[in-house]
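Peer 1: Sending over model.cif (mmCIF, C-alpha atoms, pLDDT in the B column; chains and numbers go by the auth columns).
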```cif
data_model
#
loop_
_atom_site.group_PDB
_atom_site.id
_atom_site.type_symbol
_atom_site.label_atom_id
_atom_site.label_comp_id
_atom_site.label_asym_id
_atom_site.label_seq_id
_atom_site.Cartn_x
_atom_site.Cartn_y
_atom_site.Cartn_z
_atom_site.B_iso_or_equiv
_atom_site.auth_seq_id
_atom_site.auth_asym_id
ATOM 1 C CA MET A 1 -45.034 90.705 60.041 52.00 1 A
ATOM 2 C CA MET A 2 -42.141 91.229 62.413 60.00 2 A
ATOM 3 C CA SER A 3 -38.804 89.616 61.664 71.00 3 A
ATOM 4 C CA TYR A 4 -37.957 86.477 63.572 81.00 4 A
ATOM 5 C CA VAL A 5 -34.714 85.124 64.993 88.00 5 A
ATOM 6 C CA LEU A 6 -34.406 81.602 66.386 92.00 6 A
ATOM 7 C CA GLU A 7 -31.472 79.799 67.886 95.00 7 A
ATOM 8 C CA GLY A 8 -32.234 76.517 69.551 95.00 8 A
ATOM 9 C CA ILE A 9 -31.483 72.860 70.018 95.00 9 A
ATOM 10 C CA VAL A 10 -33.941 70.205 68.877 95.00 10 A
ATOM 11 C CA PHE A 11 -33.640 66.680 70.255 93.00 11 A
ATOM 12 C CA PRO A 12 -35.707 63.503 70.651 90.00 12 A
ATOM 13 C CA LYS A 13 -38.186 63.696 73.492 78.00 13 A
ATOM 14 C CA ASN A 14 -37.403 61.476 76.446 66.00 14 A
ATOM 15 C CA GLU A 15 -40.163 59.086 77.545 57.00 15 A
ATOM 16 C CA SER A 16 -40.043 60.425 81.096 56.00 16 A
ATOM 17 C CA ASP A 17 -40.434 64.015 79.842 53.00 17 A
ATOM 18 C CA VAL A 18 -37.724 65.079 82.265 53.00 18 A
ATOM 19 C CA ARG A 19 -36.427 68.620 81.943 60.00 19 A
ATOM 20 C CA VAL A 20 -32.904 68.804 80.576 63.00 20 A
ATOM 21 C CA THR A 21 -30.258 70.111 82.932 61.00 21 A
ATOM 22 C CA ILE A 22 -27.604 72.088 81.108 65.00 22 A
ATOM 23 C CA PRO A 23 -24.321 71.975 83.013 60.00 23 A
ATOM 24 C CA ASN A 24 -22.118 75.069 83.138 61.00 24 A
ATOM 25 C CA SER A 25 -24.220 76.982 80.634 67.00 25 A
ATOM 26 C CA THR A 26 -24.610 80.725 80.901 78.00 26 A
ATOM 27 C CA ILE A 27 -27.181 80.666 78.098 84.00 27 A
ATOM 28 C CA ASP A 28 -30.903 80.914 78.877 88.00 28 A
ATOM 29 C CA PHE A 29 -33.250 78.510 77.107 89.00 29 A
ATOM 30 C CA ASP A 30 -36.994 77.949 77.094 89.00 30 A
ATOM 31 C CA GLN A 31 -37.757 74.224 76.888 87.00 31 A
ATOM 32 C CA LEU A 32 -40.796 73.547 74.707 88.00 32 A
ATOM 33 C CA VAL A 33 -42.362 70.393 73.319 87.00 33 A
ATOM 34 C CA LEU A 34 -42.739 70.580 69.514 88.00 34 A
ATOM 35 C CA ASP A 35 -44.693 67.349 69.116 87.00 35 A
ATOM 36 C CA ASP A 36 -44.956 63.893 70.690 84.00 36 A
ATOM 37 C CA ASN A 37 -41.399 63.077 69.628 84.00 37 A
ATOM 38 C CA ILE A 38 -39.297 66.228 69.832 89.00 38 A
ATOM 39 C CA VAL A 39 -38.345 69.002 72.241 90.00 39 A
ATOM 40 C CA ILE A 40 -36.674 72.338 71.509 92.00 40 A
ATOM 41 C CA LEU A 41 -34.506 74.417 73.802 92.00 41 A
ATOM 42 C CA ALA A 42 -35.104 77.850 72.292 93.00 42 A
ATOM 43 C CA ARG A 43 -33.224 80.962 73.323 93.00 43 A
ATOM 44 C CA PRO A 44 -35.716 83.671 74.300 90.00 44 A
ATOM 45 C CA GLY A 45 -35.903 87.002 72.519 86.00 45 A
ATOM 46 C CA ARG A 46 -33.862 87.803 69.418 85.00 46 A
ATOM 47 C CA PRO A 47 -30.538 86.210 70.333 86.00 47 A
ATOM 48 C CA GLN A 48 -27.193 86.870 68.743 90.00 48 A
ATOM 49 C CA PHE A 49 -25.977 83.449 67.599 94.00 49 A
ATOM 50 C CA ASP A 50 -23.517 81.902 70.035 93.00 50 A
ATOM 51 C CA GLU A 51 -21.142 78.978 69.434 93.00 51 A
ATOM 52 C CA ALA A 52 -21.695 77.948 73.064 92.00 52 A
ATOM 53 C CA VAL A 53 -25.119 76.669 71.932 94.00 53 A
ATOM 54 C CA CYS A 54 -23.302 74.085 69.798 95.00 54 A
ATOM 55 C CA GLU A 55 -21.321 72.965 72.847 93.00 55 A
ATOM 56 C CA VAL A 56 -24.615 72.402 74.701 92.00 56 A
ATOM 57 C CA ALA A 57 -25.903 70.430 71.685 94.00 57 A
ATOM 58 C CA VAL A 58 -22.803 68.207 71.855 94.00 58 A
ATOM 59 C CA ASP A 59 -23.596 67.433 75.507 90.00 59 A
ATOM 60 C CA ILE A 60 -27.276 66.767 74.750 91.00 60 A
ATOM 61 C CA SER A 61 -26.341 64.433 71.883 92.00 61 A
ATOM 62 C CA LYS A 62 -24.201 62.432 74.305 91.00 62 A
ATOM 63 C CA VAL A 63 -27.252 61.905 76.534 87.00 63 A
ATOM 64 C CA PHE A 64 -30.045 61.577 73.947 88.00 64 A
ATOM 65 C CA GLY A 65 -27.977 60.146 71.076 91.00 65 A
ATOM 66 C CA GLU A 66 -28.789 63.029 68.752 94.00 66 A
ATOM 67 C CA ALA A 67 -29.398 66.772 68.807 95.00 67 A
ATOM 68 C CA MET A 68 -29.717 69.450 66.157 97.00 68 A
ATOM 69 C CA VAL A 69 -28.851 73.142 66.411 97.00 69 A
ATOM 70 C CA VAL A 70 -31.244 75.307 64.405 97.00 70 A
ATOM 71 C CA ARG A 71 -30.638 78.923 63.475 96.00 71 A
ATOM 72 C CA TRP A 72 -33.103 81.115 61.584 93.00 72 A
ATOM 73 C CA ASP A 73 -32.894 84.860 61.004 92.00 73 A
ATOM 74 C CA ASP A 74 -35.387 86.081 58.439 86.00 74 A
ATOM 75 C CA ARG A 75 -33.996 89.635 58.595 87.00 75 A
ATOM 76 C CA ILE A 76 -30.979 88.497 56.570 88.00 76 A
ATOM 77 C CA GLY A 77 -32.204 85.187 55.128 87.00 77 A
ATOM 78 C CA PHE A 78 -29.913 83.124 57.354 93.00 78 A
ATOM 79 C CA ARG A 79 -30.804 79.470 57.895 94.00 79 A
ATOM 80 C CA GLU A 80 -28.546 76.798 59.353 97.00 80 A
ATOM 81 C CA SER A 81 -28.822 73.402 60.995 97.00 81 A
ATOM 82 C CA ARG A 82 -26.124 71.251 62.582 98.00 82 A
ATOM 83 C CA VAL A 83 -26.800 67.607 63.392 98.00 83 A
ATOM 84 C CA TYR A 84 -24.858 66.040 66.286 97.00 84 A
ATOM 85 C CA ARG A 85 -24.680 62.332 67.052 97.00 85 A
ATOM 86 C CA GLY A 86 -23.045 60.905 70.169 95.00 86 A
ATOM 87 C CA GLY A 87 -21.130 64.091 70.905 95.00 87 A
ATOM 88 C CA PHE A 88 -19.849 64.735 67.371 97.00 88 A
ATOM 89 C CA LEU A 89 -20.942 66.957 64.479 98.00 89 A
ATOM 90 C CA ALA A 90 -22.415 64.561 61.906 97.00 90 A
ATOM 91 C CA ASN A 91 -23.706 67.047 59.298 97.00 91 A
ATOM 92 C CA SER A 92 -24.407 70.724 58.806 97.00 92 A
ATOM 93 C CA PHE A 93 -26.586 72.579 56.326 97.00 93 A
ATOM 94 C CA SER A 94 -26.698 76.263 55.387 95.00 94 A
ATOM 95 C CA VAL A 95 -28.369 78.344 52.680 91.00 95 A
ATOM 96 C CA ASP A 96 -25.574 77.125 50.356 92.00 96 A
ATOM 97 C CA ASN A 97 -27.021 73.584 50.571 94.00 97 A
ATOM 98 C CA GLU A 98 -30.635 74.541 49.955 92.00 98 A
ATOM 99 C CA LEU A 99 -32.510 73.059 47.023 93.00 99 A
ATOM 100 C CA TYR A 100 -34.728 74.963 44.591 92.00 100 A
ATOM 101 C CA VAL A 101 -37.532 74.363 42.104 91.00 101 A
ATOM 102 C CA MET A 102 -38.467 76.488 39.108 91.00 102 A
ATOM 103 C CA LEU A 103 -41.661 78.561 39.138 92.00 103 A
ATOM 104 C CA ASP A 104 -44.209 78.281 36.326 90.00 104 A
ATOM 105 C CA ASP A 105 -45.657 81.248 34.393 88.00 105 A
ATOM 106 C CA ASP A 106 -48.192 81.860 37.183 90.00 106 A
ATOM 107 C CA GLY A 107 -45.465 81.958 39.840 88.00 107 A
ATOM 108 C CA MET A 108 -46.353 78.524 41.223 89.00 108 A
ATOM 109 C CA PRO A 109 -43.564 76.085 42.152 88.00 109 A
ATOM 110 C CA LEU A 110 -43.015 73.128 39.833 89.00 110 A
ATOM 111 C CA ARG A 111 -42.667 70.626 42.694 81.00 111 A
ATOM 112 C CA ASP A 112 -42.649 67.657 40.308 86.00 112 A
ATOM 113 C CA GLY A 113 -39.941 69.220 38.155 84.00 113 A
ATOM 114 C CA LYS A 114 -36.160 69.183 38.392 90.00 114 A
ATOM 115 C CA ILE A 115 -34.605 70.089 41.732 92.00 115 A
ATOM 116 C CA PHE A 116 -31.724 72.560 41.490 91.00 116 A
ATOM 117 C CA GLU A 117 -28.772 73.424 43.680 90.00 117 A
ATOM 118 C CA GLU A 118 -27.960 77.108 44.167 87.00 118 A
ATOM 119 C CA SER A 119 -24.850 76.810 41.979 88.00 119 A
ATOM 120 C CA GLU A 120 -27.037 75.834 38.992 91.00 120 A
ATOM 121 C CA LEU A 121 -29.376 78.833 39.178 89.00 121 A
ATOM 122 C CA ASP A 122 -27.076 81.226 37.279 88.00 122 A
ATOM 123 C CA ASP A 123 -27.558 79.098 34.156 90.00 123 A
ATOM 124 C CA TYR A 124 -31.254 80.060 34.154 89.00 124 A
ATOM 125 C CA GLU A 125 -31.137 83.870 34.249 85.00 125 A
ATOM 126 C CA ASP A 126 -34.656 84.348 32.829 87.00 126 A
ATOM 127 C CA ASP A 127 -36.345 81.876 35.174 89.00 127 A
ATOM 128 C CA GLU A 128 -37.580 82.305 38.728 91.00 128 A
ATOM 129 C CA PHE A 129 -37.020 79.829 41.544 91.00 129 A
ATOM 130 C CA GLU A 130 -38.276 79.084 45.029 88.00 130 A
ATOM 131 C CA VAL A 131 -36.624 77.221 47.880 89.00 131 A
ATOM 132 C CA TYR A 132 -37.807 73.601 47.816 90.00 132 A
ATOM 133 C CA GLN A 133 -35.878 72.379 50.861 91.00 133 A
ATOM 134 C CA ASN A 134 -34.288 74.883 53.230 94.00 134 A
ATOM 135 C CA ALA A 135 -31.325 74.305 55.545 95.00 135 A
ATOM 136 C CA LEU A 136 -33.489 73.439 58.571 95.00 136 A
ATOM 137 C CA GLU A 137 -35.630 71.054 56.533 95.00 137 A
ATOM 138 C CA LEU A 138 -32.469 69.333 55.253 96.00 138 A
ATOM 139 C CA GLY A 139 -31.242 69.025 58.841 96.00 139 A
ATOM 140 C CA CYS A 140 -34.536 67.488 59.979 95.00 140 A
ATOM 141 C CA GLU A 141 -34.391 64.982 57.129 94.00 141 A
ATOM 142 C CA ASN A 142 -30.777 64.097 57.951 96.00 142 A
ATOM 143 C CA ALA A 143 -31.390 63.827 61.702 95.00 143 A
ATOM 144 C CA GLY A 144 -34.295 61.460 61.194 89.00 144 A
ATOM 145 C CA PHE A 145 -35.958 62.324 64.530 92.00 145 A
ATOM 146 C CA CYS A 146 -37.055 65.878 63.724 91.00 146 A
ATOM 147 C CA SER A 147 -40.336 66.740 62.043 90.00 147 A
ATOM 148 C CA TRP A 148 -39.913 69.721 59.710 92.00 148 A
ATOM 149 C CA VAL A 149 -43.692 70.214 59.850 91.00 149 A
ATOM 150 C CA ALA A 150 -43.601 70.594 63.659 92.00 150 A
ATOM 151 C CA LEU A 151 -40.504 72.818 63.600 93.00 151 A
ATOM 152 C CA HIS A 152 -41.931 75.016 60.820 90.00 152 A
ATOM 153 C CA ARG A 153 -45.232 75.334 62.712 91.00 153 A
ATOM 154 C CA PHE A 154 -43.247 76.512 65.771 90.00 154 A
ATOM 155 C CA ILE A 155 -41.340 79.081 63.670 87.00 155 A
ATOM 156 C CA GLN A 156 -44.561 80.394 62.113 84.00 156 A
ATOM 157 C CA ARG A 157 -46.210 80.795 65.534 83.00 157 A
ATOM 158 C CA GLN A 158 -43.221 82.756 66.844 75.00 158 A
ATOM 159 C CA GLY A 159 -42.725 85.007 63.814 61.00 159 A
#
```
Translate this structure into structure tokens?
Peer 2:
Amino acid sequence: MMSYVLEGIVFPKNESDVRVTIPNSTIDFDQLVLDDNIVILARPGRPQFDEAVCEVAVDISKVFGEAMVVRWDDRIGFRESRVYRGGFLANSFSVDNELYVMLDDDGMPLRDGKIFEESELDDYEDDEFEVYQNALELGCENAGFCSWVALHRFIQRQG
């Protein structure tokens, strides 16, 4: 499977399904509907991450109330989400915020077990762990309008 890089802005879908006009932006986006409730402006190709995308997200959050920047680069294990509300950064999540679960003897995740933060993993040198909630999933949960299932499906189709 080829590596995948995503930089985009997810926001609540407008009832009128009007295309978003991005003022003064030199960045190209493809506007795609993720599900009945959310739209993503995804940068085509394998973009180098650009802070100007966050400035566009600020503007979109002023219009739609909320927007979330998502960044995913599976070449280097980079995942980040930034939630904007009303033109301001409300929360951000990176791999440092991700949550983990322990794997059982068969390598299956113990989803009903204890949830660990990355800082706790060093205490369990002989155990194996898997990401339980990644940075984009945490952003979706925090934003409240974004479906991680729909976003993950989009990422899997692109990768």
Peer 1: Identify, on the basis of only C-alpha atoms, every residue whose closest approach to Ser119 (chain A) does not exceed 12 Å; exclude the query and any residue fewer than 5 positions from it along the same chain; express the result as a list of chain:residue names.
Peer 2: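 These residues fall inside the cut-off: A:Val95, A:Asp96, A:Asn97, A:Glu98, A:Leu99, A:Tyr100, A:Tyr124.
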Peer 1: Please provide the set of residues having any atom within 9 Å of Cys146 (chain A), restricted to all atoms listed in the file, with same-chain residues fewer than 5 positions apart removed, written as a list in words.
Peer 2: Val10, Phe11, Pro12, Asn37, Ile38, Met68, Glu137, Gly139, Cys140, Glu141 and Leu151 of chain A
Peer 1: Given the point (-45.5, 77.6, 65.6) in the file's coordinates, find the residues that have an atom at most 12 Å from it, counting all atoms listed in the file, and give them as an NGL selection string.
Peer 2: :A and (4 or 6 or 32-35 or 40 or 148-159)
Peer 1: Can you turn the PyMOL selection byres ((chain A and resi 53) around 8) into a concrete residue list for this file, as a compact mmCIF listing (two decimals) with C-alpha atoms, keeping the file's coordinate frame?
Peer 2:
```txt
# COMPACT_ATOMS: atom_id res chain seq x y z
CA GLY A 8 -32.23 76.52 69.55
CA ILE A 9 -31.48 72.86 70.02
CA ILE A 27 -27.18 80.67 78.10
CA ASP A 50 -23.52 81.90 70.04
CA GLU A 51 -21.14 78.98 69.43
CA ALA A 52 -21.70 77.95 73.06
CA CYS A 54 -23.30 74.08 69.80
CA GLU A 55 -21.32 72.96 72.85
CA VAL A 56 -24.62 72.40 74.70
CA ALA A 57 -25.90 70.43 71.68
CA VAL A 69 -28.85 73.14 66.41
```
Peer 1: Rank A:Phe145, A:Phe129, A:Phe49, A:Phe116 by their smallest atom-to-atom distance to Asp73 (chain A), using only C-alpha atoms, and report the top residue only.
Peer 2: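 Ranking A:Phe145, A:Phe129, A:Phe49, A:Phe116 by distance to Asp73 (chain A), first place goes to A:Phe49.
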Peer 1: For the file shown, report as a list in words the outcome of the PyMOL selection byres ((chain A and resi 111) around 10) at residue level.
Peer 2: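 Given this file, the PyMOL selection byres ((chain A and resi 111) around 10) evaluates to Tyr100, Val101, Met102, Leu103, Met108, Pro109, Leu110, Asp112, Gly113, Lys114, Ile115, Glu130 and Tyr132 of chain A.
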Peer 1: So, with only C-alpha atoms as the atoms that count, which of A:Leu121, A:Ile76, A:Ala143, A:Leu136 lies closest to Val5 (chain A)?
Peer 2: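 Of all the options, A:Ile76 lies closest to Val5 (chain A).
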Peer 1: Taking all atoms listed in the file into account, name the residue in A:Arg46, A:Ile60, A:Glu125, A:Ala90 that is nearest to Asp74 (chain A).
Peer 2: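 Of A:Arg46, A:Ile60, A:Glu125, A:Ala90, the one nearest Asp74 (chain A) is A:Arg46, counting all atoms listed in the file.
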Peer 1: List, as a PyMOL selection string, every residue that the PyMOL selection byres ((chain A and resi 92) around 9) selects in the file provided.
Peer 2: chain A and resi 80-84+89-91+93-94+135+138-139
